[in-house]
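K.L.:
Take a look at the following structure, please.
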Amino acid sequence: MIPVPAVGVVCLRGDEVLLIRRGTPPRVGEWSLPGGRIEPGERAVEAALRELREETGVEARILGLIDVVDGIFPEVNRHYVLIDYVAEWLAGDTVAGDDAEAAVFMPLEAALAAVAWTETRRVIREAMRRRREARGEAAQAADPS
């Protein structure tokens with residue numbers, strides 16, 4: 001298996017997480033993060049926003065890098081190096097596109113229950129933790145008392 005660079009996006013809208021139901025291998029039919037392969041010459045962050053738009057119809061702002069995860073799927077002979085970002089929803093109604101069967105914002109607990117892969121659940125939790133920390137730091141900076 002040759003590792004393939006790919007991106008994933010934890011897109012947050014309030015306390016909701018955007019998930020897609022996968023329409024192609026690996027993990028067909030499972031709920032996951034929007035994302036996909038990085039095209040030749042494309043920057044990873046640009047690929048993340050492109051894949052988010054293609055699979056869900058949503059526009060977002062990247063807040064930062066969450067983690068880099070190896071997705072090794074021997075059943076379909078694939079190895080993805082997944083560069084996962086956290087993003088904040090800006091605009092757009094969810095419309096499943098590209099290789100997504102469905103795209104929907106879910107409350108955090110429902111999203112965690114819907115996702116089968118433990119790595120995806122971990123990345124979602126980490127994105128929420130970092131956003132909480134960033135909000136706490138922003139609140140402290142605004143009110144230093």
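In the structure tokens, chains take letters A, B, ... by order of appearance, with residues numbered from 1 within each chain and ligands from 1 in the order shown.
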At most 12 Å is the cut-off: for each residue in region 3-59 of chain A with any atom that close to an atom of region 101-122 of chain A, write down the nearest atom pair and the distance in Å rounded to one decimal, counting only C-alpha atoms, chain first then increasing number, as CSV.

P.N.:
```
residue,atom,partner,partner_atom,distance
A:Gly8,CA,A:Thr120,CA,9.4
A:Val9,CA,A:Thr120,CA,10.3
A:Val10,CA,A:Thr120,CA,9.3
A:Cys11,CA,A:Phe105,CA,8.8
A:Leu12,CA,A:Phe105,CA,8.3
A:Arg13,CA,A:Phe105,CA,7.7
A:Gly14,CA,A:Pro107,CA,9.0
A:Asp15,CA,A:Pro107,CA,6.1
A:Glu16,CA,A:Pro107,CA,4.3
A:Val17,CA,A:Phe105,CA,5.3
A:Leu18,CA,A:Phe105,CA,4.2
A:Leu19,CA,A:Val104,CA,5.6
A:Ile20,CA,A:Ala103,CA,4.3
A:Arg21,CA,A:Ala102,CA,5.0
A:Arg22,CA,A:Glu101,CA,6.0
A:Gly23,CA,A:Glu101,CA,5.1
A:Thr24,CA,A:Glu101,CA,8.9
A:Pro26,CA,A:Trp117,CA,11.3
A:Arg27,CA,A:Trp117,CA,8.9
A:Val28,CA,A:Glu101,CA,9.4
A:Gly29,CA,A:Glu101,CA,7.8
A:Glu30,CA,A:Ala116,CA,6.9
A:Trp31,CA,A:Val115,CA,5.2
A:Ser32,CA,A:Val115,CA,6.1
A:Leu33,CA,A:Thr120,CA,7.4
A:Pro34,CA,A:Ala103,CA,8.4
A:Gly35,CA,A:Ala103,CA,11.9
A:Leu52,CA,A:Ala103,CA,10.2
A:Arg53,CA,A:Ala103,CA,11.0
A:Glu54,CA,A:Ala103,CA,10.9
A:Glu55,CA,A:Ala103,CA,7.5
A:Thr56,CA,A:Ala103,CA,5.7
A:Gly57,CA,A:Ala103,CA,8.9
A:Val58,CA,A:Ala103,CA,9.7
```

K.L.:
Extract, using only C-alpha atoms, all DNA, RNA and protein residues at most 7 Å from Leu82 (chain A), discarding same-chain residues fewer than 6 positions from it, and format them as a ChimeraX atom specification.

P.N.:
/A:5-8,68-71

K.L.:
Find the residue from A:Glu75, A:Asp98, A:Tyr85, A:Leu90 that sits nearest to Val45 (chain A); use only C-alpha atoms when measuring.

P.N.:
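For Val45 (chain A), the nearest of the given residues is A:Tyr85.
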
K.L.:
Can you list every residue in chain A that DSSP puts in strand (DSSP E), as a VMD selection string?

P.N.:
chain A and resid 3 to 13 16 to 22 31 to 32 35 to 37 59 to 73 78 to 91 100 to 107

K.L.:
Nearest to Glu59 (chain A) among A:Gly92, A:Pro3, A:Gly136, A:Pro25, with distances taken over only C-alpha atoms: which residue is it?

P.N.:
A:Gly92

K.L.:
Return the single residue from A:Asp84, A:Ile2, A:His79, A:Arg131 that is closest to Ile66 (chain A), with distances computed using only C-alpha atoms.

P.N.:
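Distance minimum relative to Ile66 (chain A) lands on A:Asp84.
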
K.L.:
Write out as a ChimeraX atom specification all residues of region 16-127 of chain A that backbone DSSP assigns to alpha helix (DSSP H).

P.N.:
/A:44-56,108-114,118-127

K.L.:
Please dump the current selection as a PDB file, in the first residue's frame; keep C-alpha atoms.

P.N.:
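Contents of the output file result.pdb:
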```pdb
ATOM      1  CA  ALA A  44      -3.527  20.737   2.377  1.00  0.00           C
ATOM      2  CA  VAL A  45      -5.640  23.548   3.844  1.00  0.00           C
ATOM      3  CA  GLU A  46      -7.015  24.378   0.373  1.00  0.00           C
ATOM      4  CA  ALA A  47      -7.855  20.706  -0.156  1.00  0.00           C
ATOM      5  CA  ALA A  48      -9.717  20.657   3.162  1.00  0.00           C
ATOM      6  CA  LEU A  49     -11.925  23.598   2.178  1.00  0.00           C
ATOM      7  CA  ARG A  50     -12.457  22.204  -1.354  1.00  0.00           C
ATOM      8  CA  GLU A  51     -13.456  18.752  -0.086  1.00  0.00           C
ATOM      9  CA  LEU A  52     -15.769  20.293   2.508  1.00  0.00           C
ATOM     10  CA  ARG A  53     -17.483  22.352  -0.203  1.00  0.00           C
ATOM     11  CA  GLU A  54     -17.696  19.439  -2.693  1.00  0.00           C
ATOM     12  CA  GLU A  55     -19.064  16.903  -0.217  1.00  0.00           C
ATOM     13  CA  THR A  56     -21.399  19.129   1.802  1.00  0.00           C
ATOM     14  CA  LEU A 108     -21.935  16.499  19.504  1.00  0.00           C
ATOM     15  CA  GLU A 109     -23.197  13.460  21.426  1.00  0.00           C
ATOM     16  CA  ALA A 110     -25.264  12.235  18.459  1.00  0.00           C
ATOM     17  CA  ALA A 111     -22.253  12.666  16.166  1.00  0.00           C
ATOM     18  CA  LEU A 112     -19.999  10.707  18.504  1.00  0.00           C
ATOM     19  CA  ALA A 113     -22.614   7.941  18.718  1.00  0.00           C
ATOM     20  CA  ALA A 114     -23.012   7.837  14.922  1.00  0.00           C
ATOM     21  CA  THR A 118     -12.507   5.431  17.143  1.00  0.00           C
ATOM     22  CA  GLU A 119      -9.915   7.718  15.521  1.00  0.00           C
ATOM     23  CA  THR A 120     -12.651   9.930  14.066  1.00  0.00           C
ATOM     24  CA  ARG A 121     -14.369  10.159  17.457  1.00  0.00           C
ATOM     25  CA  ARG A 122     -11.035  11.080  19.064  1.00  0.00           C
ATOM     26  CA  VAL A 123     -10.390  13.812  16.475  1.00  0.00           C
ATOM     27  CA  ILE A 124     -13.891  15.266  16.982  1.00  0.00           C
ATOM     28  CA  ARG A 125     -13.396  15.362  20.758  1.00  0.00           C
ATOM     29  CA  GLU A 126      -9.991  17.008  20.321  1.00  0.00           C
ATOM     30  CA  ALA A 127     -11.483  19.658  17.999  1.00  0.00           C
TER      31      ALA A 127
END
```

K.L.:
For CA of Arg130 (chain A) and CA of Asp67 (chain A), determine how far apart the two atoms are, in Å to one decimal place.

P.N.:
11.6 Å

K.L.:
With distances taken over only C-alpha atoms, which of A:Leu65, A:Ala134, A:Ile38, A:Ala60 is nearest to Val86 (chain A)?

P.N.:
A:Leu65
